[in-house]
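> Supplied structure: upload.txt, compact mmCIF, C-alpha atoms.
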# COMPACT_ATOMS: atom_id res chain seq x y z
CA MET A 1406 -17.63 0.45 -2.34
CA ALA A 1407 -16.46 4.05 -1.99
CA TYR A 1408 -13.67 5.48 -4.09
CA ALA A 1409 -11.89 8.74 -4.87
CA GLU A 1410 -10.35 10.04 -8.07
CA TRP A 1411 -7.39 12.35 -8.44
CA GLY A 1412 -5.95 14.03 -11.50
CA ASP A 1413 -7.03 14.13 -15.14
CA PRO A 1414 -10.36 12.34 -15.88
CA ASP A 1415 -9.02 11.61 -19.37
CA GLY A 1416 -5.55 10.66 -18.14
CA ARG A 1417 -3.81 7.32 -17.96
CA PRO A 1418 -5.61 5.24 -15.31
CA VAL A 1419 -3.81 4.06 -12.20
CA LEU A 1420 -5.56 1.89 -9.63
CA GLY A 1421 -4.34 2.82 -6.16
CA CYS A 1422 -4.22 0.09 -3.50
CA HIS A 1423 -4.00 1.95 -0.22
CA GLY A 1424 -2.00 0.99 2.83
CA SER A 1425 -3.22 -0.46 6.11
CA PRO A 1426 -4.63 1.60 7.74
CA SER A 1427 -5.54 4.08 5.05
CA SER A 1428 -8.38 4.95 2.70
CA ARG A 1429 -9.44 6.26 -0.68
CA LEU A 1430 -7.95 9.63 0.35
CA GLU A 1431 -4.43 8.22 0.03
CA ARG A 1432 -2.31 9.95 -2.58
CA HIS A 1433 1.42 10.16 -3.14
CA VAL A 1434 1.93 13.84 -3.90
CA GLU A 1435 1.61 16.96 -1.82
CA ASP A 1436 -0.05 18.87 -4.66
CA PRO A 1437 -2.83 16.88 -6.38
CA GLY A 1438 -2.37 19.14 -9.37
CA ASP A 1439 0.73 17.08 -10.17
CA TYR A 1440 -1.53 14.28 -11.38
CA VAL A 1441 -3.15 16.62 -13.88
CA ARG A 1442 0.24 17.84 -15.09
CA TRP A 1443 1.44 14.24 -15.53
CA GLY A 1444 -1.72 13.12 -17.32
CA VAL A 1445 -2.61 10.59 -14.61
CA ARG A 1446 -6.05 9.49 -13.45
CA LEU A 1447 -5.60 7.93 -10.00
CA VAL A 1448 -8.58 5.86 -8.79
CA VAL A 1449 -8.39 4.72 -5.16
CA PRO A 1450 -11.18 2.54 -3.68
CA ASP A 1451 -11.68 1.95 0.02
CA ARG A 1452 -11.13 -1.72 0.85
CA PRO A 1453 -13.99 -3.39 2.80
CA GLY A 1454 -14.59 -1.77 6.18
CA PHE A 1455 -12.25 1.15 5.56
CA GLY A 1456 -13.66 4.62 4.98
CA LEU A 1457 -17.11 4.43 3.41
CA SER A 1458 -16.90 0.89 2.00
CA ASP A 1459 -19.09 -1.78 3.56
CA PRO A 1460 -17.46 -4.65 5.46
CA HIS A 1461 -17.04 -7.98 3.66
CA PRO A 1462 -16.91 -10.71 6.34
CA GLY A 1463 -14.90 -13.74 5.36
CA ARG A 1464 -13.11 -12.00 2.50
CA ARG A 1465 -9.68 -13.02 1.23
CA VAL A 1466 -6.93 -11.11 -0.53
CA LYS A 1467 -7.73 -12.87 -3.81
CA ASP A 1468 -11.36 -11.66 -3.63
CA TRP A 1469 -10.37 -8.02 -4.07
CA PRO A 1470 -10.03 -8.07 -7.89
CA GLY A 1471 -13.69 -9.10 -8.17
CA ASP A 1472 -14.75 -5.92 -6.37
CA VAL A 1473 -12.33 -3.83 -8.39
CA ALA A 1474 -13.63 -5.23 -11.68
CA VAL A 1475 -17.10 -3.87 -10.98
CA LEU A 1476 -15.69 -0.42 -10.20
CA LEU A 1477 -13.38 -0.23 -13.23
CA ASP A 1478 -16.05 -1.47 -15.61
CA SER A 1479 -18.49 1.13 -14.27
CA LEU A 1480 -15.87 3.82 -14.92
CA GLY A 1481 -15.17 2.56 -18.44
CA ILE A 1482 -11.55 1.71 -17.63
CA ASP A 1483 -10.07 -1.12 -19.68
CA ARG A 1484 -6.27 -1.12 -19.34
CA PHE A 1485 -4.64 0.40 -16.29
CA ALA A 1486 -1.57 0.37 -14.06
CA VAL A 1487 -1.61 -0.53 -10.36
CA LEU A 1488 0.26 1.20 -7.55
CA SER A 1489 0.33 0.18 -3.90
CA LEU A 1490 1.77 1.53 -0.69
CA SER A 1491 2.81 -0.74 2.20
CA GLY A 1492 -0.06 -3.11 3.10
CA GLY A 1493 -1.67 -2.59 -0.29
CA ALA A 1494 1.02 -4.68 -2.03
CA ALA A 1495 -0.86 -7.97 -1.70
CA TYR A 1496 -3.96 -6.44 -3.26
CA ALA A 1497 -2.04 -4.82 -6.12
CA LEU A 1498 -0.37 -8.11 -6.99
CA ALA A 1499 -3.71 -9.94 -6.70
CA CYS A 1500 -5.12 -7.54 -9.31
CA ALA A 1501 -2.14 -8.11 -11.59
CA HIS A 1502 -2.65 -11.87 -11.32
CA ALA A 1503 -6.41 -11.72 -11.90
CA PHE A 1504 -6.61 -9.10 -14.66
CA GLY A 1505 -3.73 -10.30 -16.82
CA ASP A 1506 -3.20 -8.11 -19.87
CA ARG A 1507 -5.53 -5.42 -18.56
CA VAL A 1508 -2.77 -4.45 -16.11
CA ARG A 1509 0.07 -2.77 -17.96
CA ALA A 1510 2.48 -2.42 -15.00
CA VAL A 1511 2.61 -2.58 -11.21
CA GLY A 1512 4.34 -0.42 -8.64
CA VAL A 1513 4.95 -1.61 -5.07
CA LEU A 1514 6.06 0.96 -2.51
CA GLY A 1515 7.47 -0.48 0.70
CA GLY A 1516 5.74 -3.85 0.32
CA ALA A 1517 6.34 -7.24 1.95
CA PRO A 1518 6.09 -10.79 0.52
CA PRO A 1519 3.36 -13.30 1.38
CA PRO A 1520 3.81 -15.11 4.70
CA ASP A 1521 3.89 -18.59 3.21
CA VAL A 1522 7.57 -18.20 2.29
CA PRO A 1523 10.57 -17.75 4.61
CA TRP A 1524 11.09 -14.11 5.45
CA SER A 1525 14.55 -12.64 5.69
CA TRP A 1526 13.99 -10.88 9.01
CA PRO A 1527 16.47 -8.30 10.31
CA ARG A 1528 18.48 -9.58 13.26
CA TRP A 1529 16.91 -7.11 15.66
CA VAL A 1530 13.40 -8.62 15.26
CA PRO A 1531 12.77 -11.02 18.20
CA GLY A 1532 12.28 -14.69 17.37
CA ARG A 1533 8.82 -14.77 18.96
CA VAL A 1534 7.70 -11.98 16.63
CA ARG A 1535 9.02 -13.84 13.61
CA ALA A 1536 7.14 -16.99 14.64
CA ALA A 1537 3.90 -15.13 15.36
CA ALA A 1538 3.92 -13.44 11.95
CA HIS A 1539 3.70 -16.80 10.23
CA ARG A 1540 0.80 -18.15 12.26
CA PRO A 1541 -2.79 -17.70 11.00
CA ALA A 1542 -3.84 -14.42 12.58
CA ASN A 1543 -7.15 -13.94 14.38
CA PRO A 1544 -8.68 -10.50 13.75
CA ALA A 1545 -10.42 -10.59 17.13
CA LEU A 1546 -7.06 -10.92 18.86
CA LEU A 1547 -5.47 -8.20 16.76
CA GLN A 1548 -8.25 -5.66 17.26
CA PRO A 1549 -7.21 -4.60 20.81
CA VAL A 1550 -3.66 -4.08 19.53
CA PHE A 1551 -4.87 -1.56 16.95
CA ALA A 1552 -7.63 0.01 19.06
CA PRO A 1553 -5.46 2.94 20.27
CA LEU A 1554 -4.89 4.01 16.64
CA ALA A 1555 -8.62 4.52 16.13
CA VAL A 1556 -9.00 6.87 19.11
CA ARG A 1557 -7.23 9.85 17.49
CA PRO A 1558 -6.10 8.71 14.03
CA GLY A 1559 -5.26 12.25 13.01
CA LEU A 1560 -2.27 12.07 15.36
CA ILE A 1561 -0.77 8.98 13.71
CA PRO A 1562 1.58 11.06 11.51
CA ARG A 1563 3.02 12.75 14.60
CA TYR A 1564 3.52 9.34 16.20
CA LEU A 1565 5.25 8.04 13.08
CA GLN A 1566 7.41 11.14 12.88
CA ALA A 1567 8.59 10.50 16.43
CA ARG A 1568 9.46 6.84 15.97
CA LEU A 1569 10.67 6.43 12.38
CA ASN A 1570 14.08 7.04 10.81
CA PRO A 1571 15.45 10.52 10.03
CA ALA A 1572 14.44 10.36 6.36
CA ASP A 1573 10.80 9.63 7.22
CA ARG A 1574 10.84 12.24 9.98
CA ARG A 1575 11.95 14.78 7.40
CA VAL A 1576 9.22 13.81 4.93
CA ILE A 1577 6.41 13.66 7.49
CA GLY A 1578 7.65 16.92 8.95
CA ARG A 1579 6.45 18.73 5.84
CA PRO A 1580 3.00 20.18 6.68
CA ARG A 1581 1.30 19.10 3.44
CA VAL A 1582 2.54 15.52 3.73
CA ARG A 1583 1.34 15.40 7.32
CA GLN A 1584 -2.06 16.70 6.22
CA VAL A 1585 -2.37 14.02 3.52
CA LEU A 1586 -1.50 11.25 5.98
CA ALA A 1587 -3.73 12.59 8.75
CA ALA A 1588 -6.71 12.78 6.39
CA THR A 1589 -6.31 9.28 4.96
CA PHE A 1590 -5.69 7.66 8.37
CA THR A 1591 -8.67 9.44 9.92
CA GLU A 1592 -10.98 8.37 7.12
CA GLY A 1593 -9.62 4.84 7.05
CA LEU A 1594 -10.31 4.35 10.75
CA ARG A 1595 -13.72 6.01 10.83
CA ASN A 1596 -15.26 2.58 11.62
CA GLY A 1597 -12.80 1.74 14.37
CA SER A 1598 -10.01 -0.80 14.51
CA ALA A 1599 -11.92 -3.92 13.40
CA PRO A 1600 -11.39 -3.40 9.63
CA LEU A 1601 -7.67 -2.79 10.23
CA ALA A 1602 -7.37 -5.96 12.31
CA GLU A 1603 -9.07 -7.99 9.58
CA ASP A 1604 -6.92 -6.45 6.86
CA ARG A 1605 -3.68 -7.15 8.73
CA ALA A 1606 -4.78 -10.71 9.51
CA LEU A 1607 -5.34 -11.37 5.80
CA LEU A 1608 -1.83 -10.19 4.96
CA PHE A 1609 -0.43 -12.87 7.29
CA ARG A 1610 -2.38 -15.66 5.60
CA PRO A 1611 -1.68 -17.17 2.16
CA TRP A 1612 -2.85 -14.70 -0.45
CA GLY A 1613 -4.40 -17.36 -2.69
CA PHE A 1614 -2.30 -17.05 -5.84
CA PRO A 1615 1.35 -17.74 -6.76
CA LEU A 1616 3.56 -14.70 -7.32
CA SER A 1617 5.35 -16.71 -10.01
CA GLU A 1618 2.28 -16.19 -12.21
CA VAL A 1619 2.41 -12.39 -12.02
CA SER A 1620 3.86 -11.77 -15.46
CA GLN A 1621 3.62 -7.98 -15.70
CA ARG A 1622 6.56 -5.71 -15.05
CA VAL A 1623 6.57 -4.98 -11.32
CA HIS A 1624 8.57 -2.05 -9.99
CA VAL A 1625 9.51 -2.48 -6.33
CA TRP A 1626 10.50 0.75 -4.58
CA HIS A 1627 12.04 0.45 -1.12
CA GLY A 1628 14.14 2.59 1.20
CA THR A 1629 17.06 0.86 2.89
CA GLN A 1630 16.13 2.61 6.16
CA ASP A 1631 12.45 1.66 6.07
CA TRP A 1632 11.61 0.85 9.70
CA GLN A 1633 7.97 0.00 8.96
CA VAL A 1634 8.66 -2.72 6.37
CA PRO A 1635 12.38 -3.60 6.53
CA VAL A 1636 14.15 -3.65 3.18
CA ALA A 1637 15.06 -7.32 3.69
CA LEU A 1638 11.38 -8.13 3.15
CA GLY A 1639 11.29 -6.02 0.00
CA ARG A 1640 14.25 -7.98 -1.35
CA VAL A 1641 12.43 -11.27 -0.77
CA LEU A 1642 9.38 -9.95 -2.58
CA ALA A 1643 11.46 -8.74 -5.52
CA ALA A 1644 13.20 -12.13 -5.78
CA MET A 1645 9.83 -13.91 -6.00
CA LEU A 1646 8.54 -11.85 -8.92
CA PRO A 1647 9.52 -13.15 -12.38
CA ASN A 1648 9.55 -9.73 -14.07
CA CYS A 1649 10.73 -7.28 -11.43
CA ALA A 1650 12.66 -4.03 -11.52
CA ALA A 1651 13.89 -3.29 -8.00
CA HIS A 1652 14.75 0.25 -6.88
CA TRP A 1653 16.63 0.52 -3.57
CA PHE A 1654 17.01 4.00 -2.10
CA ALA A 1655 19.95 4.28 0.28
CA GLY A 1656 19.10 6.01 3.55
CA GLU A 1657 15.43 6.57 2.69
CA GLY A 1658 12.36 5.28 4.46
CA HIS A 1659 8.77 4.12 4.16
CA PHE A 1660 7.38 7.35 2.72
CA LEU A 1661 10.03 7.93 0.05
CA VAL A 1662 7.33 8.25 -2.60
CA PHE A 1663 6.67 11.85 -1.61
CA ASP A 1664 10.16 12.68 -2.88
CA HIS A 1665 10.06 10.40 -5.94
CA ALA A 1666 6.43 10.41 -7.11
CA ARG A 1667 7.17 11.63 -10.62
CA GLU A 1668 9.71 8.87 -11.15
CA VAL A 1669 7.40 6.25 -9.65
CA TYR A 1670 4.42 7.18 -11.82
CA GLY A 1671 6.63 7.53 -14.88
CA SER A 1672 7.75 3.91 -14.50
CA LEU A 1673 4.16 2.76 -14.87
CA PHE A 1674 3.89 4.25 -18.37
CA PRO A 1675 7.27 3.78 -20.07
Write the structure described by the file as structure tokens, please.

Amino acid sequence: MAYAEWGDPDGRPVLGCHGSPSSRLERHVEDPGDYVRWGVRLVVPDRPGFGLSDPHPGRRVKDWPGDVAVLLDSLGIDRFAVLSLSGGAAYALACAHAFGDRVRAVGVLGGAPPPDVPWSWPRWVPGRVRAAAHRPANPALLQPVFAPLAVRPGLIPRYLQARLNPADRRVIGRPRVRQVLAATFTEGLRNGSAPLAEDRALLFRPWGFPLSEVSQRVHVWHGTQDWQVPVALGRVLAAMLPNCAAHWFAGEGHFLVFDHAREVYGSLFP
């Protein structure tokens, strides 16, 4: 397992659960010095197959905390917060469920609920897409879909900037944000599209634990104009969590964290 650390080595630990695709290079600030100023130690491991982490054939979402436990114990980290972006939500919540009191709080940025519950899809999503999302996904079938992303992953931010809402276009249009995203996408896809296909397939299968047993305070952050993960899905996720503080940002999109990072990290250490 490969991992990266950002910020103050003696700061308050935050386990980062990166998006899909992404890697250990994912961070939520343009200037990594912000983490030092806030007293935060951000630890972000590559999930299996992404970046420099070895593949783990046959893995499940609920297996991730076992890998994380080895890393955190080796780093001498006892209690910590968890923060996820997009496709990392399932893994962040799996850690909260598995680690219990070791996890002090959870942050979910632009996350979706598990697929074994009815999703409140926006009306514009075709019915065939809604049905397909709730079928067990085959990574081998998904891999050709994601293959183009692995050809020139450094260009993904430009693609996103062209197709997302105005708020996300504004955020990704900032050179330092674009550099952060290009670096983490490029590293995450260094092994091609197979790890991404497997990761996405797992998100569309039961995660292996009930969200009703996640007792920690979970902060859900979601833009109402998120075109990657529609806010309707964020609302379903928030409703399923027994101890949730939901933050809806009118007119903002999937990458709102780059404008609200201080507030987001502050919520993890009240």
> Hey, what's within 10 Å of A:Phe1485 if we count only C-alpha atoms and toss same-chain stuff fewer than 2 positions away? As an MDAnalysis selection string, please?
chainID A and resid 1417:1420 1446:1447 1477 1482:1483 1487 1504 1506:1511 1673:1674
> Skip stretch 1435-1440 of chain A itself and residues of its chain fewer than 3 positions away, then list as a VMD selection string all residues within 12 Å of it, counting all atoms listed in the file.
chain A and resid 1410 to 1419 1430 to 1432 1443 to 1448 1576 to 1577 1579 to 1586 1662 to 1667 1670 to 1671
> What does the distance between atom CA of A:Leu1638 and atom CA of A:Arg1605 come to in Å, to one decimal place?
16.1 Å
> With only C-alpha atoms as the basis for distance, which of A:Pro1553, A:Ala1651, A:Val1636, A:Leu1498 is at the shortest distance from A:Lys1467?
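When distances to A:Lys1467 are compared using only C-alpha atoms, the smallest one comes from A:Leu1498.
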> Quote the spacing between atom CA of A:Val1623 and atom CA of A:Asn1648 in Å to one decimal place.
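These two atoms are separated by 6.2 Å.
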> Pick the closest to A:Asp1521 from A:Pro1549, A:Pro1615, A:Gly1493, A:Gly1463: which is it, counting only C-alpha atoms?
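Among the listed residues, the smallest separation from A:Asp1521 belongs to A:Pro1615.
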> What does the structure give for the distance between atom CA of A:Leu1594 and atom CA of A:Ala1503, in Å to one decimal?
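The value is 28.0 Å.
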> I'd like the contact shell of A:Pro1647 - 9 Å cut-off, only C-alpha atoms, skipping same-chain residues fewer than 3 positions apart - returned as a list in words.
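Neighbouring residues, sequence-local ones excluded: Leu1616, Ser1617, Glu1618, Val1619, Ser1620, Gln1621, Arg1622, Val1623, Ala1643 and Ala1644 of chain A.
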> Counting only C-alpha atoms, which of A:Ala1409, A:Ala1497, A:Leu1565, A:Leu1601 gets nearest to A:Ser1427?
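Ranking A:Ala1409, A:Ala1497, A:Leu1565, A:Leu1601 by distance to A:Ser1427, first place goes to A:Leu1601.
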> Could you give me, as a list in words, the residues that sit within 6 Å of (1.3, -9.6, 1.9) in the file's coordinates, counting only C-alpha atoms?
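I get Ala1495, Ala1517, Pro1518, Pro1519 and Leu1608 of chain A for the residues within 6 Å of that point.
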> Using only C-alpha atoms, can you tell me which of A:Val1513, A:Cys1649, A:Leu1661, A:Val1550 comes closest to A:Ser1491?
A:Val1513
> Take stretch 1657-1669 of chain A from the preceding structure and save all heavy atoms as a PDB file, in the first residue's frame.

ATOM      1  N   GLU A1657     -23.502  25.532  -6.158  1.00  0.00           N
ATOM      2  CA  GLU A1657     -22.133  25.035  -6.235  1.00  0.00           C
ATOM      3  C   GLU A1657     -22.112  23.594  -6.733  1.00  0.00           C
ATOM      4  O   GLU A1657     -23.141  22.932  -6.838  1.00  0.00           O
ATOM      5  CB  GLU A1657     -21.448  25.189  -4.879  1.00  0.00           C
ATOM      6  CG  GLU A1657     -21.383  26.642  -4.434  1.00  0.00           C
ATOM      7  CD  GLU A1657     -20.308  26.913  -3.403  1.00  0.00           C
ATOM      8  OE1 GLU A1657     -19.193  26.371  -3.544  1.00  0.00           O
ATOM      9  OE2 GLU A1657     -20.582  27.661  -2.464  1.00  0.00           O
ATOM     10  N   GLY A1658     -20.899  23.124  -7.048  1.00  0.00           N
ATOM     11  CA  GLY A1658     -20.777  21.850  -7.732  1.00  0.00           C
ATOM     12  C   GLY A1658     -19.951  20.818  -6.992  1.00  0.00           C
ATOM     13  O   GLY A1658     -19.794  20.864  -5.763  1.00  0.00           O
ATOM     14  N   HIS A1659     -19.382  19.898  -7.761  1.00  0.00           N
ATOM     15  CA  HIS A1659     -18.711  18.722  -7.214  1.00  0.00           C
ATOM     16  C   HIS A1659     -17.414  19.073  -6.489  1.00  0.00           C
ATOM     17  O   HIS A1659     -17.024  18.381  -5.559  1.00  0.00           O
ATOM     18  CB  HIS A1659     -18.413  17.747  -8.360  1.00  0.00           C
ATOM     19  CG  HIS A1659     -18.142  16.350  -7.922  1.00  0.00           C
ATOM     20  ND1 HIS A1659     -19.035  15.598  -7.186  1.00  0.00           N
ATOM     21  CD2 HIS A1659     -17.051  15.553  -8.107  1.00  0.00           C
ATOM     22  CE1 HIS A1659     -18.525  14.398  -6.943  1.00  0.00           C
ATOM     23  NE2 HIS A1659     -17.334  14.344  -7.487  1.00  0.00           N
ATOM     24  N   PHE A1660     -16.765  20.136  -6.905  1.00  0.00           N
ATOM     25  CA  PHE A1660     -15.456  20.481  -6.344  1.00  0.00           C
ATOM     26  C   PHE A1660     -15.538  21.699  -5.427  1.00  0.00           C
ATOM     27  O   PHE A1660     -14.589  22.477  -5.311  1.00  0.00           O
ATOM     28  CB  PHE A1660     -14.450  20.704  -7.474  1.00  0.00           C
ATOM     29  CG  PHE A1660     -14.192  19.451  -8.282  1.00  0.00           C
ATOM     30  CD1 PHE A1660     -14.800  19.266  -9.520  1.00  0.00           C
ATOM     31  CD2 PHE A1660     -13.370  18.452  -7.793  1.00  0.00           C
ATOM     32  CE1 PHE A1660     -14.581  18.111 -10.251  1.00  0.00           C
ATOM     33  CE2 PHE A1660     -13.137  17.294  -8.515  1.00  0.00           C
ATOM     34  CZ  PHE A1660     -13.748  17.116  -9.749  1.00  0.00           C
ATOM     35  N   LEU A1661     -16.639  21.836  -4.730  1.00  0.00           N
ATOM     36  CA  LEU A1661     -16.841  22.984  -3.838  1.00  0.00           C
ATOM     37  C   LEU A1661     -15.822  23.036  -2.713  1.00  0.00           C
ATOM     38  O   LEU A1661     -15.592  24.099  -2.119  1.00  0.00           O
ATOM     39  CB  LEU A1661     -18.259  22.976  -3.266  1.00  0.00           C
ATOM     40  CG  LEU A1661     -18.684  21.842  -2.309  1.00  0.00           C
ATOM     41  CD1 LEU A1661     -18.295  22.089  -0.858  1.00  0.00           C
ATOM     42  CD2 LEU A1661     -20.193  21.622  -2.386  1.00  0.00           C
ATOM     43  N   VAL A1662     -15.196  21.893  -2.395  1.00  0.00           N
ATOM     44  CA  VAL A1662     -14.278  21.862  -1.262  1.00  0.00           C
ATOM     45  C   VAL A1662     -13.120  22.840  -1.439  1.00  0.00           C
ATOM     46  O   VAL A1662     -12.592  23.371  -0.454  1.00  0.00           O
ATOM     47  CB  VAL A1662     -13.741  20.429  -1.025  1.00  0.00           C
ATOM     48  CG1 VAL A1662     -12.861  19.959  -2.173  1.00  0.00           C
ATOM     49  CG2 VAL A1662     -12.986  20.340   0.300  1.00  0.00           C
ATOM     50  N   PHE A1663     -12.729  23.124  -2.668  1.00  0.00           N
ATOM     51  CA  PHE A1663     -11.610  24.036  -2.871  1.00  0.00           C
ATOM     52  C   PHE A1663     -11.949  25.466  -2.442  1.00  0.00           C
ATOM     53  O   PHE A1663     -11.054  26.279  -2.237  1.00  0.00           O
ATOM     54  CB  PHE A1663     -11.154  24.010  -4.330  1.00  0.00           C
ATOM     55  CG  PHE A1663     -10.365  22.776  -4.688  1.00  0.00           C
ATOM     56  CD1 PHE A1663     -10.971  21.711  -5.329  1.00  0.00           C
ATOM     57  CD2 PHE A1663      -9.031  22.669  -4.353  1.00  0.00           C
ATOM     58  CE1 PHE A1663     -10.259  20.567  -5.647  1.00  0.00           C
ATOM     59  CE2 PHE A1663      -8.296  21.537  -4.659  1.00  0.00           C
ATOM     60  CZ  PHE A1663      -8.912  20.478  -5.311  1.00  0.00           C
ATOM     61  N   ASP A1664     -13.228  25.765  -2.297  1.00  0.00           N
ATOM     62  CA  ASP A1664     -13.638  27.069  -1.784  1.00  0.00           C
ATOM     63  C   ASP A1664     -14.035  27.019  -0.313  1.00  0.00           C
ATOM     64  O   ASP A1664     -14.258  28.077   0.290  1.00  0.00           O
ATOM     65  CB  ASP A1664     -14.822  27.608  -2.594  1.00  0.00           C
ATOM     66  CG  ASP A1664     -14.413  28.116  -3.967  1.00  0.00           C
ATOM     67  OD1 ASP A1664     -13.237  28.496  -4.134  1.00  0.00           O
ATOM     68  OD2 ASP A1664     -15.274  28.122  -4.875  1.00  0.00           O
ATOM     69  N   HIS A1665     -14.149  25.826   0.268  1.00  0.00           N
ATOM     70  CA  HIS A1665     -14.675  25.696   1.632  1.00  0.00           C
ATOM     71  C   HIS A1665     -13.830  24.755   2.496  1.00  0.00           C
ATOM     72  O   HIS A1665     -14.317  24.241   3.496  1.00  0.00           O
ATOM     73  CB  HIS A1665     -16.118  25.189   1.589  1.00  0.00           C
ATOM     74  CG  HIS A1665     -17.051  26.066   0.827  1.00  0.00           C
ATOM     75  ND1 HIS A1665     -17.596  27.220   1.370  1.00  0.00           N
ATOM     76  CD2 HIS A1665     -17.525  25.986  -0.443  1.00  0.00           C
ATOM     77  CE1 HIS A1665     -18.375  27.800   0.465  1.00  0.00           C
ATOM     78  NE2 HIS A1665     -18.346  27.078  -0.635  1.00  0.00           N
ATOM     79  N   ALA A1666     -12.566  24.554   2.116  1.00  0.00           N
ATOM     80  CA  ALA A1666     -11.748  23.551   2.803  1.00  0.00           C
ATOM     81  C   ALA A1666     -11.586  23.852   4.293  1.00  0.00           C
ATOM     82  O   ALA A1666     -11.644  22.944   5.128  1.00  0.00           O
ATOM     83  CB  ALA A1666     -10.382  23.432   2.130  1.00  0.00           C
ATOM     84  N   ARG A1667     -11.380  25.110   4.629  1.00  0.00           N
ATOM     85  CA  ARG A1667     -11.173  25.429   6.043  1.00  0.00           C
ATOM     86  C   ARG A1667     -12.401  25.073   6.868  1.00  0.00           C
ATOM     87  O   ARG A1667     -12.298  24.510   7.961  1.00  0.00           O
ATOM     88  CB  ARG A1667     -10.833  26.912   6.209  1.00  0.00           C
ATOM     89  CG  ARG A1667     -10.503  27.287   7.651  1.00  0.00           C
ATOM     90  CD  ARG A1667      -9.854  28.646   7.740  1.00  0.00           C
ATOM     91  NE  ARG A1667      -9.304  28.881   9.055  1.00  0.00           N
ATOM     92  CZ  ARG A1667      -8.439  29.836   9.360  1.00  0.00           C
ATOM     93  NH1 ARG A1667      -7.998  30.630   8.398  1.00  0.00           N
ATOM     94  NH2 ARG A1667      -7.984  29.986  10.569  1.00  0.00           N
ATOM     95  N   GLU A1668     -13.570  25.355   6.339  1.00  0.00           N
ATOM     96  CA  GLU A1668     -14.813  25.040   7.032  1.00  0.00           C
ATOM     97  C   GLU A1668     -14.999  23.525   7.136  1.00  0.00           C
ATOM     98  O   GLU A1668     -15.423  23.007   8.173  1.00  0.00           O
ATOM     99  CB  GLU A1668     -15.980  25.663   6.278  1.00  0.00           C
ATOM    100  CG  GLU A1668     -17.324  25.486   6.921  1.00  0.00           C
ATOM    101  CD  GLU A1668     -18.442  26.139   6.121  1.00  0.00           C
ATOM    102  OE1 GLU A1668     -18.156  26.765   5.064  1.00  0.00           O
ATOM    103  OE2 GLU A1668     -19.601  25.998   6.536  1.00  0.00           O
ATOM    104  N   VAL A1669     -14.698  22.819   6.051  1.00  0.00           N
ATOM    105  CA  VAL A1669     -14.840  21.370   6.027  1.00  0.00           C
ATOM    106  C   VAL A1669     -13.931  20.719   7.068  1.00  0.00           C
ATOM    107  O   VAL A1669     -14.371  19.885   7.884  1.00  0.00           O
ATOM    108  CB  VAL A1669     -14.545  20.818   4.626  1.00  0.00           C
ATOM    109  CG1 VAL A1669     -14.399  19.293   4.650  1.00  0.00           C
ATOM    110  CG2 VAL A1669     -15.633  21.223   3.641  1.00  0.00           C
TER     111      VAL A1669
END
